[in-house]
Amino acid sequence: MLSKALLRLGASAARHPWRVIAAWLIAATLVVLAAVAFGGRTADSMTAPGLDSRRAAELIERAGTGQEGMTAQVVVTPLDDGATFFDDSARTALTRLQTEVKRLPHVLGTSDPALALDAGRDTAVRGGLVSADGRIAVVRVQYPDQSRLSAEDLDALVDLGDRLRAELPLRIEMGGNLFYAFSDADGGVSELIGLLAAAAILFLAFGSLVAAALPIGMAVFGLTVGVATMTLLAGVTEVPTFAPVLGSMVGLGVGIDYALFVLARHREYLARGLDPHEAAGRAVATAGRPVVFAGGTVVVSILGLAVANVPFMTVGGVAVSIVVLIMVLASVTLLPAFLGAAGPRLARAGRIGRALQTRKPGRLARRRDPAAGAAHAAGWRRWIGHVSRHPVPYAVGAAGLLLMATLPVLGLRVGLPDDGSLPQSRTERRAYDLVAEGFGPGINGPLVIAADPSGDPGVVDRLVGAVAADPGVASVAPTHIDRATGVATLVVFPTTSPQDKATADTIARLRTDVLPTAIGHGPARAHVGGAAASLSDVGQRTSQRLPVFVAAVLAMSFLLLMLVFRSILVPLKAVLLNLLSIGAAYGIMVAVFQWGWGGALIGLEATVPIVSFIPMFLFAILFGLSMDYEVLLLSRVREEYLRTGDNGTAIVEGVSRTARIITSAALIMVAVFLSFAVADDPSTKMFGLGLATAIFIDATVVRMVLVPATMTLLDRTNWWLPKWLDRLLPRGPVGTDDTDAESTGEAPRPRLVDR
């Protein structure tokens with residue numbers, strides 16, 4: 001039995017705490033050292049096999065033009081308002097800047113706007129190097145692929161810019177995917193803010209510095225091992241840059257939550273007079289089983305991202321899953337060791353905690369766990385009893401509220417937020433604005449058309465003419481033809497920005513109409529690539545695979561919950577309510593990021609589309625996380641139902657006994673996730689706000705209103721299970737039976753009905 005195994009594991013860890021803590025310290029040290037020695041850097045390959053943008057990239061790589069590598073751009077304008085680059089003095093400064101940039105390590109080459117001006121103004125303007133008014137110039141910098149670069153290359157470029165700003169009469173701004181790849185992730189400050197907020201909530205919940213410190217310590221321990229393991233994984237395969245930030249976000253949230261569940265049960269047992277070692281063992285046996293189940297559900301849900309057949313999403317899911325698994329392992333081994341080392345001190349609130357509790361009106365100073373205190377339980381009992389007496393209006397009202405919040409999903413548009421969505425304090429944003437001002441918004445997201453003439457020498461000219469004539473194309477840079485392979489590359493500048501829906505329409509039109517017409521029925525072929533095209537393709541693929549993924553996760557969750565709770569309607573209700581809360585979170589994301597409602601509160605300076613892969617990632621993570629509260633709450637309700645056989649009593653007692661823990665855990669998760677919502681990067685903001693919103697809705701509207709209301713309406717049919725199905729379902733590590741409770745010494749009398 002799972003509970004028996006967890007009982008032995010938790011009790012053993014509590015009896016030998018320093019051995020377990022030492023083992024974790026040794027393991028963490030070894031993993032960190034291995035990560036330093038053999039780990040790799042995160043990288044982004046926003047493409048997938050079979051996509052048209054991937055075929056374009058393969059042709060470019062074959063031609064060896066260098067355009068498959070990393071790029072940066074240095075955007076300059078004279079400090080003198082009356083000067084232009086048509087003047088000799090400004091052109092001289094531009095020449096020096098281009099020369100210095102070209103000398104940087106690993107730079108393969110740069111554009112030369114000053115040289116283009118020497119050939120004529122029209123040449124420089126048509127090539128997108130100097131604006132028509134001569135006020136803005138762009139030096140494009142070509143680097144090799146990311147595997148040959150490091151953060152030192154970005155530092156060298158930034159340091160050069162800082163030096164030249166003091167020496168040249170130019171305003172110098174920089175951008176490009178070199179910054180995206182090697183800029184510091186947003187996680188550091190956000191993690192600290194989240195930890196401080198979690199510590200404050202834990203202290204208020206338990207009234208003890210020791211009790212508040214244990215979940216934080218366990219989560220930091222687990223996160224250190226998890227991120228180091230992720231770095232090791234990056235040395236073997238390409239881990240996307242968002243994985244460490246998302247792993248930190250989810251790892252901190254679930255780690256502190258899981259520790260909170262176990263710690264609350266541990267303090268209950270201490271308050272009953274149990275020995276700390278026995279209390280820790282029983283806490284891991286009872287609260288640890290929902291933790292293992294919930295963590296396993298999170299992992300399986302995230303690994304289900306493989307159905308999208310987008311490699312960077314699959315690897316990112318594996319990396320985040322590793323962090324979650326480590327947090328589950330820490331919850332059932334490291335945490336009970338901490339509990340054993342703390343001893344009986346956890347049974348009571350500290351002096352400051354008691355003082356805080358006695359100062360609050362209506363709150364009793366007590367030595368027992370606040371989550372189990374009579375005053376708080378009575379308050380939650382009154383609320384749940386009230387909802388249970390009026391189930392129809394509460395069920396209809398709460399469901400209607402969530403459906404209204406879900407409605408904006410109908411306008412969801414996926415895309416890629418570009419540098420124009422960054423704050424003005426970032427040089428990438430200022431470079432973006434200068435380029436858009438001088439050349440139009442499309443130059444910030446060029447498309448790259450790769451063509452293989454295959455014996456049709458006139459096809460390149462036809463392609464250039466047809467593409468340039470398209471209404472969505474502003475200009476086409478001079479064509480580059482590789483002599484060895486004959487592959488031609490056309491850099492195309494759309495009339496609209498990378499995140500604009502019109503740009504996606506232009507890409508689709510080029511593929512379905514313009515290019516096939518220009519090529520005709522000959523052997524030549526052409527494909528549209530570039531960052532904007534790649535993200536558009538990935539967005540389409542994830543949108544196509546999302547229904548299959550959602551159906552698979554729903555089916556898996558239903559089956560697992562049916563095995564655990566031996567019921568059909570309880571898991572069906574859980575699946576539908578979780579789907580409703582996630583839909584509401586999606587709707588709020590659309591309202592904030594696409595419509596701009598309240599965007600200023602999280603530092604969003606412009607509306608942006610939803611990043612193409614985020615809806616699928618969020619669904620996987622949120623559906624798994626919602627199982628935490630589902631299993632914790634329903635496990636307690638089921639215990640009461642087994643004990644009393646009365647559905648109404650089981651709902652009131654089960655929900656009221658877990659309400660304080662669920663709300664505290666939800667507050668911690670919301671605090672951690674919201675701390676990431678104020679990061680600079682819009683993708684990090686989306687992850688943070690989406691996760692925080694869904695968890696808040698799930699722990700309040702769903703768990704404290706919809707669950708008791710719907711379970712009251714279903715009455716005894718909540719636990720209905722056909723006899724033939726009950727015989728088929730397994731009992732054991734996944735399925736539950738009454739001997740699980742016996743292993744903790746709290747066996748209720750079984751009274752499951754309607755079998």
# chains A, B, ... in the order shown; residues from 1 in each chain; ligands from 1
$ residues_around --residues "Ser388 (chain A)" --least-positions-apart "5" --cutoff "8 Å" --atoms "only C-alpha atoms" --output "PyMOL selection string"
chain A and resi 648+652+708-709+712
$ write_last_selection --atoms "C-alpha atoms" --output "mmCIF file, in the first residue's frame"
data_model
loop_
_atom_site.group_PDB
_atom_site.id
_atom_site.type_symbol
_atom_site.label_atom_id
_atom_site.label_comp_id
_atom_site.auth_asym_id
_atom_site.auth_seq_id
_atom_site.Cartn_x
_atom_site.Cartn_y
_atom_site.Cartn_z
ATOM 1 C CA GLY A 648 -24.150 16.428 3.800
ATOM 2 C CA VAL A 652 -19.405 20.326 5.460
ATOM 3 C CA PRO A 708 -19.932 22.043 -2.035
ATOM 4 C CA ALA A 709 -22.907 23.276 -4.084
ATOM 5 C CA THR A 712 -24.891 18.775 -2.321
#
$ residues_around --residues "Ala83 (chain A)" --least-positions-apart "5" --cutoff "12 Å" --atoms "only C-alpha atoms" --output "JSON, numbers by chain"
{"A": [77, 78, 88, 89, 90, 91, 93, 133, 134, 135, 136, 169, 170]}
$ select_by_dssp --residues "region 85-253 of chain A" --states "strand (DSSP E)" --output "ChimeraX atom specification"
/A:109-110,137-142,170-175
$ atom_distance --atom1 "CA of Leu129 (chain A)" --atom2 "CA of Gly69 (chain A)"
20.0 Å
$ select_by_dssp --residues "region 639-735 of chain A" --states "alpha helix (DSSP H)" --output "PyMOL selection string"
chain A and resi 639-644+647-677+682-697+707-714+723-728
$ residues_around --residues "Thr333 (chain A)" --least-positions-apart "3" --cutoff "10 Å" --atoms "only C-alpha atoms" --output "VMD selection string"
chain A and resid 6 9 to 14 17 20 to 21 24 284 327 to 330 336 to 338
$ residues_around --residues "Thr663 (chain A)" --least-positions-apart "6" --cutoff "9 Å" --atoms "only C-alpha atoms" --output "PyMOL selection string"
chain A and resi 696+699-700
$ write_last_selection --atoms "N, CA and C atoms" --output "compact mmCIF listing (two decimals), in the first residue's frame"
# COMPACT_ATOMS: atom_id res chain seq x y z
N PHE A 696 -6.20 31.22 -8.05
CA PHE A 696 -7.11 32.01 -7.21
C PHE A 696 -8.56 31.60 -7.44
N ALA A 699 -9.22 27.99 -6.04
CA ALA A 699 -9.25 27.83 -4.58
C ALA A 699 -10.39 28.59 -3.92
N THR A 700 -10.99 29.52 -4.64
CA THR A 700 -12.07 30.31 -4.04
C THR A 700 -13.42 29.95 -4.65
$ atom_distance --atom1 "CA of Val487 (chain A)" --atom2 "CA of Arg62 (chain A)"
8.1 Å
$ closest_residue --among "A:Val299, A:Ala211, A:Leu729, A:Leu325" --to "Leu223 (chain A)" --atoms "only C-alpha atoms"
A:Leu325
$ residues_around --residues "Gly415 (chain A)" --least-positions-apart "2" --cutoff "9 Å" --atoms "only C-alpha atoms" --output "MDAnalysis selection string"
chainID A and resid 413 417 498:501 504 532 535:536 539 608:612
$ closest_residue --among "A:Leu164, A:Leu554, A:Val236, A:Leu59" --to "Arg525 (chain A)" --atoms "only C-alpha atoms"
A:Leu59
$ residues_around --residues "Leu633 (chain A)" --least-positions-apart "4" --cutoff "9 Å" --atoms "only C-alpha atoms" --output "list in words"
Asp628, Tyr629, Val637, Arg638, Gly654, Val655, Arg657, Thr658, Ala659, Ile662 and Arg703 of chain A
$ residues_around --residues "Ile322 (chain A)" --least-positions-apart "3" --cutoff "9 Å" --atoms "only C-alpha atoms" --output "PyMOL selection string"
chain A and resi 226-227+229-230+247+299+317-319+325-327
$ write_last_selection --atoms "C-alpha atoms" --output "mmCIF file, in the first residue's frame"
data_model
loop_
_atom_site.group_PDB
_atom_site.id
_atom_site.type_symbol
_atom_site.label_atom_id
_atom_site.label_comp_id
_atom_site.auth_asym_id
_atom_site.auth_seq_id
_atom_site.Cartn_x
_atom_site.Cartn_y
_atom_site.Cartn_z
ATOM 1 C CA GLY A 226 15.971 21.036 -9.942
ATOM 2 C CA VAL A 227 17.532 24.002 -11.738
ATOM 3 C CA THR A 229 19.489 19.223 -13.136
ATOM 4 C CA MET A 230 17.897 21.385 -15.827
ATOM 5 C CA GLY A 247 10.515 25.727 -13.569
ATOM 6 C CA VAL A 299 4.180 15.560 -14.379
ATOM 7 C CA GLY A 317 7.977 20.128 -20.376
ATOM 8 C CA VAL A 318 10.535 17.492 -19.399
ATOM 9 C CA ALA A 319 12.674 20.141 -17.681
ATOM 10 C CA LEU A 325 9.371 15.393 -9.287
ATOM 11 C CA ILE A 326 12.208 16.656 -7.117
ATOM 12 C CA MET A 327 9.726 18.699 -5.062
#
$ closest_atom_pairs --of "region 643-734 of chain A" --to "region 584-604 of chain A" --cutoff "7 Å" --atoms "only C-alpha atoms" --output "CSV"
residue,atom,partner,partner_atom,distance
A:Ala677,CA,A:Ile602,CA,6.3
A:Val678,CA,A:Ile602,CA,5.0
A:Gly690,CA,A:Ala585,CA,5.8
A:Thr693,CA,A:Ala585,CA,5.6
A:Ala694,CA,A:Ala585,CA,5.0
$ closest_residue --among "A:Ser567, A:Ser248, A:Gln544, A:Ser150" --to "Pro722 (chain A)" --atoms "only C-alpha atoms"
A:Ser567
$ atom_distance --atom1 "CA of Ile216 (chain A)" --atom2 "CA of Gly343 (chain A)"
17.8 Å
$ closest_residue --among "A:Val225, A:Ala551, A:Val138, A:Leu195" --to "Val32 (chain A)" --atoms "only C-alpha atoms"
A:Val225
$ closest_residue --among "A:Thr684, A:Thr644, A:Thr286, A:Thr110" --to "Gln98 (chain A)" --atoms "only C-alpha atoms"
A:Thr110
